[in-house]
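Enquirer: Pasting structure_4.cif below, which is mmCIF, C-alpha atoms.
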```cif
data_data
loop_
_atom_site.group_PDB
_atom_site.id
_atom_site.type_symbol
_atom_site.label_atom_id
_atom_site.label_comp_id
_atom_site.auth_asym_id
_atom_site.auth_seq_id
_atom_site.Cartn_x
_atom_site.Cartn_y
_atom_site.Cartn_z
ATOM 1 C CA MET A 1 5.026 13.668 32.533
ATOM 2 C CA GLU A 2 3.050 14.970 29.602
ATOM 3 C CA ALA A 3 -0.593 15.639 30.528
ATOM 4 C CA ASP A 4 -3.579 16.945 28.626
ATOM 5 C CA PHE A 5 -7.364 16.774 28.456
ATOM 6 C CA ALA A 6 -10.004 17.032 25.773
ATOM 7 C CA VAL A 7 -13.766 16.947 25.403
ATOM 8 C CA GLU A 8 -15.373 14.284 23.214
ATOM 9 C CA LEU A 9 -19.118 14.882 23.023
ATOM 10 C CA GLY A 10 -19.691 14.410 19.290
ATOM 11 C CA ALA A 11 -22.207 11.995 17.800
ATOM 12 C CA ASP A 12 -19.437 9.556 16.806
ATOM 13 C CA ASP A 13 -17.486 9.744 20.074
ATOM 14 C CA ASP A 14 -17.414 6.970 22.659
ATOM 15 C CA VAL A 15 -20.302 6.791 25.138
ATOM 16 C CA LEU A 16 -20.394 4.680 28.298
ATOM 17 C CA ASP A 17 -23.544 2.804 29.317
ATOM 18 C CA LEU A 18 -23.588 2.138 33.046
ATOM 19 C CA PRO A 19 -23.933 -0.544 34.185
ATOM 20 C CA TRP A 20 -22.378 -2.353 31.222
ATOM 21 C CA ALA A 21 -21.656 -5.955 30.228
ATOM 22 C CA SER A 22 -20.053 -7.648 27.250
ATOM 23 C CA PRO A 23 -22.480 -9.459 24.915
ATOM 24 C CA ASP A 24 -21.563 -12.821 26.500
ATOM 25 C CA SER A 25 -21.583 -11.273 30.032
ATOM 26 C CA ASN A 26 -18.105 -12.661 30.718
ATOM 27 C CA VAL A 27 -16.813 -9.127 31.295
ATOM 28 C CA ARG A 28 -18.980 -6.604 33.091
ATOM 29 C CA TYR A 29 -19.211 -3.648 35.418
ATOM 30 C CA TYR A 30 -18.372 -4.236 39.065
ATOM 31 C CA ASP A 31 -19.311 -1.612 41.647
ATOM 32 C CA LEU A 32 -15.945 -1.560 43.391
ATOM 33 C CA LYS A 33 -16.851 1.515 45.430
ATOM 34 C CA ARG A 34 -19.636 -0.277 47.290
ATOM 35 C CA GLN A 35 -18.305 -3.836 46.938
ATOM 36 C CA PRO A 36 -14.477 -3.681 46.958
ATOM 37 C CA ASP A 37 -14.231 -7.461 47.322
ATOM 38 C CA LEU A 38 -15.358 -7.752 43.662
ATOM 39 C CA LEU A 39 -11.896 -6.575 42.576
ATOM 40 C CA ILE A 40 -10.931 -10.260 42.330
ATOM 41 C CA TYR A 41 -13.110 -10.460 39.190
ATOM 42 C CA VAL A 42 -11.268 -7.657 37.384
ATOM 43 C CA LYS A 43 -8.740 -9.665 35.360
ATOM 44 C CA GLU A 44 -6.535 -6.674 34.585
ATOM 45 C CA ALA A 45 -6.202 -5.896 38.299
ATOM 46 C CA GLN A 46 -5.150 -9.479 39.007
ATOM 47 C CA ARG A 47 -2.594 -9.384 36.194
ATOM 48 C CA LEU A 48 -1.149 -5.954 37.095
ATOM 49 C CA ALA A 49 -0.555 -5.193 40.780
ATOM 50 C CA ALA A 50 -0.167 -1.450 40.097
ATOM 51 C CA LEU A 51 -3.603 -1.344 38.458
ATOM 52 C CA GLY A 52 -5.158 -3.261 41.353
ATOM 53 C CA GLU A 53 -3.660 -0.751 43.808
ATOM 54 C CA PHE A 54 -4.953 2.173 41.736
ATOM 55 C CA LEU A 55 -8.477 0.727 41.530
ATOM 56 C CA THR A 56 -8.467 0.078 45.285
ATOM 57 C CA ALA A 57 -7.402 3.662 46.036
ATOM 58 C CA ILE A 58 -9.778 5.330 43.572
ATOM 59 C CA ASN A 59 -12.761 3.270 44.748
ATOM 60 C CA SER A 60 -11.993 3.855 48.433
ATOM 61 C CA PRO A 61 -14.396 5.922 50.583
ATOM 62 C CA ALA A 62 -11.786 8.704 50.691
ATOM 63 C CA SER A 63 -11.882 9.214 46.909
ATOM 64 C CA ILE A 64 -14.300 11.494 45.062
ATOM 65 C CA PHE A 65 -14.217 9.026 42.156
ATOM 66 C CA GLU A 66 -15.133 5.448 41.401
ATOM 67 C CA THR A 67 -14.254 3.363 38.360
ATOM 68 C CA ALA A 68 -16.403 1.737 35.694
ATOM 69 C CA LYS A 69 -14.053 0.017 33.244
ATOM 70 C CA CYS A 70 -10.355 -0.526 32.537
ATOM 71 C CA ASP A 71 -7.863 -2.282 30.315
ATOM 72 C CA ALA A 72 -4.094 -2.355 29.800
ATOM 73 C CA SER A 73 -1.715 -3.656 27.151
ATOM 74 C CA HIS A 74 1.726 -3.384 25.590
ATOM 75 C CA THR A 75 2.356 -2.212 22.025
ATOM 76 C CA THR A 76 5.203 -1.289 19.718
ATOM 77 C CA GLU A 77 2.957 0.933 17.597
ATOM 78 C CA MET A 78 4.163 4.466 18.097
ATOM 79 C CA LYS A 79 2.623 7.688 16.804
ATOM 80 C CA PRO A 80 4.850 10.433 15.340
ATOM 81 C CA GLU A 81 4.092 12.749 18.282
ATOM 82 C CA GLU A 82 5.428 10.085 20.678
ATOM 83 C CA GLU A 83 8.929 10.262 19.182
ATOM 84 C CA ILE A 84 9.833 12.822 21.867
ATOM 85 C CA PHE A 85 10.039 9.930 24.354
ATOM 86 C CA GLY A 86 12.739 8.159 22.316
ATOM 87 C CA ALA A 87 11.159 4.782 23.038
ATOM 88 C CA ASN A 88 10.638 1.566 21.115
ATOM 89 C CA CYS A 89 7.366 0.632 22.806
ATOM 90 C CA LYS A 90 4.729 1.716 25.287
ATOM 91 C CA PHE A 91 2.512 0.268 27.963
ATOM 92 C CA VAL A 92 -1.020 1.658 27.667
ATOM 93 C CA SER A 93 -4.060 1.669 29.916
ATOM 94 C CA TYR A 94 -7.429 3.307 30.173
ATOM 95 C CA ILE A 95 -9.647 3.676 33.200
ATOM 96 C CA ASP A 96 -13.146 5.147 33.152
ATOM 97 C CA LEU A 97 -13.702 7.475 36.122
ATOM 98 C CA LEU A 98 -17.067 8.523 37.534
ATOM 99 C CA PHE A 99 -17.834 11.064 40.218
ATOM 100 C CA SER A 100 -19.181 9.314 43.315
ATOM 101 C CA ASP A 101 -21.303 12.370 44.082
ATOM 102 C CA GLU A 102 -24.335 11.734 41.901
ATOM 103 C CA PRO A 103 -25.237 15.382 41.114
ATOM 104 C CA LYS A 104 -21.680 15.931 39.799
ATOM 105 C CA ARG A 105 -22.144 13.047 37.336
ATOM 106 C CA PHE A 106 -24.582 15.234 35.394
ATOM 107 C CA SER A 107 -22.527 18.437 35.445
ATOM 108 C CA PHE A 108 -20.325 19.088 32.427
ATOM 109 C CA PRO A 109 -18.531 22.031 34.133
ATOM 110 C CA GLU A 110 -17.581 19.755 37.076
ATOM 111 C CA HIS A 111 -15.996 17.248 34.688
ATOM 112 C CA GLU A 112 -14.176 19.879 32.687
ATOM 113 C CA GLN A 113 -12.861 21.587 35.845
ATOM 114 C CA MET A 114 -11.740 18.254 37.288
ATOM 115 C CA ALA A 115 -9.832 17.314 34.132
ATOM 116 C CA ALA A 116 -8.151 20.728 34.107
ATOM 117 C CA ARG A 117 -7.245 20.403 37.795
ATOM 118 C CA LEU A 118 -5.710 16.959 37.264
ATOM 119 C CA ILE A 119 -3.649 18.286 34.359
ATOM 120 C CA GLN A 120 -2.478 21.215 36.441
ATOM 121 C CA LEU A 121 -1.234 18.890 39.218
ATOM 122 C CA LEU A 122 0.356 16.366 36.858
ATOM 123 C CA ARG A 123 2.330 19.024 35.017
ATOM 124 C CA ARG A 124 4.169 19.645 38.315
ATOM 125 C CA VAL A 125 5.415 16.070 38.774
ATOM 126 C CA PRO A 126 8.955 15.039 37.848
ATOM 127 C CA GLU A 127 9.699 14.463 34.174
ATOM 128 C CA ILE A 128 9.318 10.810 33.284
ATOM 129 C CA PRO A 129 8.682 9.169 29.896
ATOM 130 C CA ALA A 130 4.942 8.940 30.369
ATOM 131 C CA ALA A 131 1.803 10.739 29.221
ATOM 132 C CA ALA A 132 -1.686 11.066 30.669
ATOM 133 C CA GLU A 133 -4.795 12.114 28.808
ATOM 134 C CA PHE A 134 -8.231 12.760 30.276
ATOM 135 C CA LEU A 135 -11.265 12.757 27.968
ATOM 136 C CA VAL A 136 -14.634 14.081 29.104
ATOM 137 C CA ARG A 137 -17.326 11.945 27.474
ATOM 138 C CA ARG A 138 -21.041 11.172 27.678
ATOM 139 C CA CYS A 139 -22.432 8.492 29.954
ATOM 140 C CA HIS A 140 -25.887 6.903 30.028
ATOM 141 C CA TYR A 141 -26.599 6.142 33.666
ATOM 142 C CA ARG A 142 -29.265 3.433 33.687
ATOM 143 C CA ARG A 143 -31.408 2.657 36.694
ATOM 144 C CA GLU A 144 -34.319 0.250 36.360
ATOM 145 C CA ASP A 145 -36.401 1.645 33.463
ATOM 146 C CA GLU A 146 -34.800 5.094 33.456
ATOM 147 C CA THR A 147 -31.742 6.472 31.692
ATOM 148 C CA HIS A 148 -30.089 9.716 32.725
ATOM 149 C CA GLU A 149 -27.612 11.497 30.468
ATOM 150 C CA GLY A 150 -24.418 12.502 32.218
ATOM 151 C CA PHE A 151 -20.657 12.476 31.839
ATOM 152 C CA TYR A 152 -17.550 10.566 32.816
ATOM 153 C CA ILE A 153 -13.797 10.828 32.277
ATOM 154 C CA THR A 154 -11.710 8.281 30.401
ATOM 155 C CA PHE A 155 -8.167 8.406 31.722
ATOM 156 C CA TYR A 156 -5.502 7.114 29.311
ATOM 157 C CA LEU A 157 -1.964 6.508 30.534
ATOM 158 C CA PHE A 158 1.098 5.699 28.442
ATOM 159 C CA GLY A 159 4.467 4.564 29.805
ATOM 160 C CA TYR A 160 7.344 4.558 27.305
ATOM 161 C CA GLY A 161 10.500 2.454 27.257
ATOM 162 C CA GLU A 162 13.108 0.527 25.342
ATOM 163 C CA ASP A 163 11.311 -2.750 26.099
ATOM 164 C CA GLU A 164 8.067 -3.960 27.667
ATOM 165 C CA PRO A 165 9.359 -4.257 31.267
ATOM 166 C CA GLN A 166 10.765 -0.724 31.198
ATOM 167 C CA ALA A 167 7.604 0.715 29.605
ATOM 168 C CA GLN A 168 5.423 -1.066 32.171
ATOM 169 C CA GLN A 169 7.602 0.140 35.054
ATOM 170 C CA ARG A 170 7.330 3.741 33.874
ATOM 171 C CA TRP A 171 3.572 3.308 33.413
ATOM 172 C CA ALA A 172 3.290 2.032 37.001
ATOM 173 C CA ILE A 173 5.220 5.041 38.336
ATOM 174 C CA ALA A 174 3.007 7.416 36.356
ATOM 175 C CA LEU A 175 -0.116 5.588 37.578
ATOM 176 C CA LYS A 176 0.993 6.194 41.184
ATOM 177 C CA LEU A 177 1.506 9.891 40.380
ATOM 178 C CA VAL A 178 -2.045 10.136 39.007
ATOM 179 C CA GLU A 179 -3.378 8.272 42.047
ATOM 180 C CA ASN A 180 -1.618 10.789 44.299
ATOM 181 C CA ALA A 181 -3.091 13.718 42.343
ATOM 182 C CA ILE A 182 -6.595 12.247 42.729
ATOM 183 C CA ARG A 183 -5.986 11.696 46.453
ATOM 184 C CA GLN A 184 -4.858 15.312 46.815
ATOM 185 C CA ILE A 185 -7.970 16.600 45.048
ATOM 186 C CA SER A 186 -10.208 14.270 47.078
ATOM 187 C CA VAL A 187 -8.779 15.560 50.382
ATOM 188 C CA ALA A 188 -9.327 19.164 49.278
ATOM 189 C CA SER A 189 -12.949 18.498 48.184
#
```
Please express what this file holds, its structure, as structure tokens.
Expert:
Amino acid sequence: MEADFAVELGADDDVLDLPWASPDSNVRYYDLKRQPDLLIYVKEAQRLAALGEFLTAINSPASIFETAKCDASHTTEMKPEEEIFGANCKFVSYIDLLFSDEPKRFSFPEHEQMAARLIQLLRRVPEIPAAAEFLVRRCHYRREDETHEGFYITFYLFGYGEDEPQAQQRWAIALKLVENAIRQISVAS
């Protein structure tokens, strides 16, 4: 599996506001760490069993992370650098990861070290046509009338294949490998 991380802290880079909600409030943040039963409201988790399993594991008490947002889709749009996978399409997801330990949420070095550690573990897994990318970004943690500037990690995962079912299957395998890496880090922490 290809794996890499980057830092996106520029003025034009994505920023997460937490908690968040869509303008019509139909889609919003669910605190799955403290209320795991709310997973039934995450449409992507209901549609994709592998994603539901990942969210359950990452939001479990044993994990050092919790999640804030996710999405997944299939596409035939391929970038030139993805030609190495020899695929016609890909299955793509993103999941926003937050440290459960509140002081770590405000530490850039903690986020950077965690992304590097995940990459180090994922580069040891068997070769499969998949790629993971971890982006350290800014997060506005809002509580009542206060906002605290911190960080979070957006985790992108790409599974490649000849068709959608194959790409999704490879994505699901890669998602399990990332889940296992996070579990390993959580146990060691």
Enquirer: Might you spell out which residues the PyMOL selection byres ((chain A and resi 150) around 6) would select in the displayed file, as a VMD selection string?
Expert: chain A and resid 105 to 106 138 to 139 149 151
Enquirer: Of the candidates A:Ser186, A:Asn26, A:Ser100, A:Gln113, which one gets nearest to Glu66 of chain A if we count all atoms listed in the file?
Expert: A:Ser100
Enquirer: Between atom CA of Ser93 of chain A and atom CA of Ile173 of chain A, what is the spacing in Å?
Expert: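 Atom CA of Ser93 of chain A lies 13.0 Å from atom CA of Ile173 of chain A.
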Enquirer: For segment 160-171 of chain A, list every protein, DNA or RNA residue within 8 Å, evaluated using all atoms listed in the file, and leave out those in the same chain fewer than 5 positions away; present the list as an NGL selection string.
Expert: :A and (74 or 85-92 or 128-130)
Enquirer: Decode the PyMOL selection byres ((chain A and resi 124) around 12) for the given file into explicit residues and return them as number ranges by chain.
Expert: A: 1-3, 117-123, 125-128, 177-178, 181
Enquirer: To one decimal place in Å, what is the distance between atom CA of Cys70 of chain A and atom CA of Tyr94 of chain A?
Expert: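 Calculated distance between atom CA of Cys70 of chain A and atom CA of Tyr94 of chain A is 5.4 Å.
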Enquirer: From the set A:Arg28, A:Arg183, A:His111, A:Lys69, which residue has the shortest atom-to-atom contact distance to Tyr156 of chain A, counting all atoms listed in the file?
Expert: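 Residue with the minimum atom-to-atom distance to Tyr156 of chain A: A:Lys69.
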Enquirer: How many Å separate atom CA of Ala49 of chain A from atom CA of Trp20 of chain A?
Expert: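 Taking atom CA of Ala49 of chain A as the start and atom CA of Trp20 of chain A as the end point, the length is 24.0 Å.
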Enquirer: With distances taken over only C-alpha atoms, which of A:Ile153, A:Ala72, A:Ile58, A:Leu97 is nearest to Ile182 of chain A?
Expert: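 Among A:Ile153, A:Ala72, A:Ile58, A:Leu97, it is A:Ile58 that comes nearest to Ile182 of chain A.
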Enquirer: Point out the residue among A:Val42, A:Arg137, A:Phe158, A:Ile185 with the least atom-to-atom distance to Asp12 of chain A, counting only C-alpha atoms.
Expert: A:Arg137
Enquirer: Using all atoms listed in the file, find the one residue out of A:Ser25, A:Asp71, A:Ala131, A:Gly10 that sits nearest to Glu44 of chain A.
Expert: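 Counting all atoms listed in the file, the residue closest to Glu44 of chain A is A:Asp71.
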Enquirer: Specify as a list in words each residue included when the PyMOL selection byres ((chain A and resi 60) around 12) is applied to this file.
Expert: Asp31, Leu32, Lys33, Arg34, Gln35, Pro36, Asp37, Leu39, Glu53, Phe54, Leu55, Thr56, Ala57, Ile58, Asn59, Pro61, Ala62, Ser63, Ile64, Phe65, Glu66, Thr67, Ser100, Glu179, Ile182, Arg183 and Ser186 of chain A
Enquirer: Kindly list the centre and edge lengths in Å, rounded to one decimal, for the axis-aligned box that covers all listed atoms of segment 136-146 of chain A plus 4 Å on each of its six sides, as lines of an AutoDock Vina configuration file.
Expert:
```
center_x = -25.5
center_y = 7.2
center_z = 32.1
size_x = 29.8
size_y = 21.8
size_z = 17.2
```
Enquirer: Counting all atoms listed in the file, figure out which residue out of A:Thr154, A:Thr147, A:Thr75, A:Gln184 gets nearest to Asp17 of chain A.
Expert: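 Counting all atoms listed in the file, the residue closest to Asp17 of chain A is A:Thr147.
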Enquirer: Counting all atoms listed in the file, write as a list in words all protein and nucleic acid residues lying at most 8 Å from (-10.3, 11.7, 28.5) in the file's frame.
Expert: Phe5, Ala6, Val7, Glu8, Ala115, Glu133, Phe134, Leu135, Val136, Arg137, Ile153, Thr154, Phe155 and Tyr156 of chain A
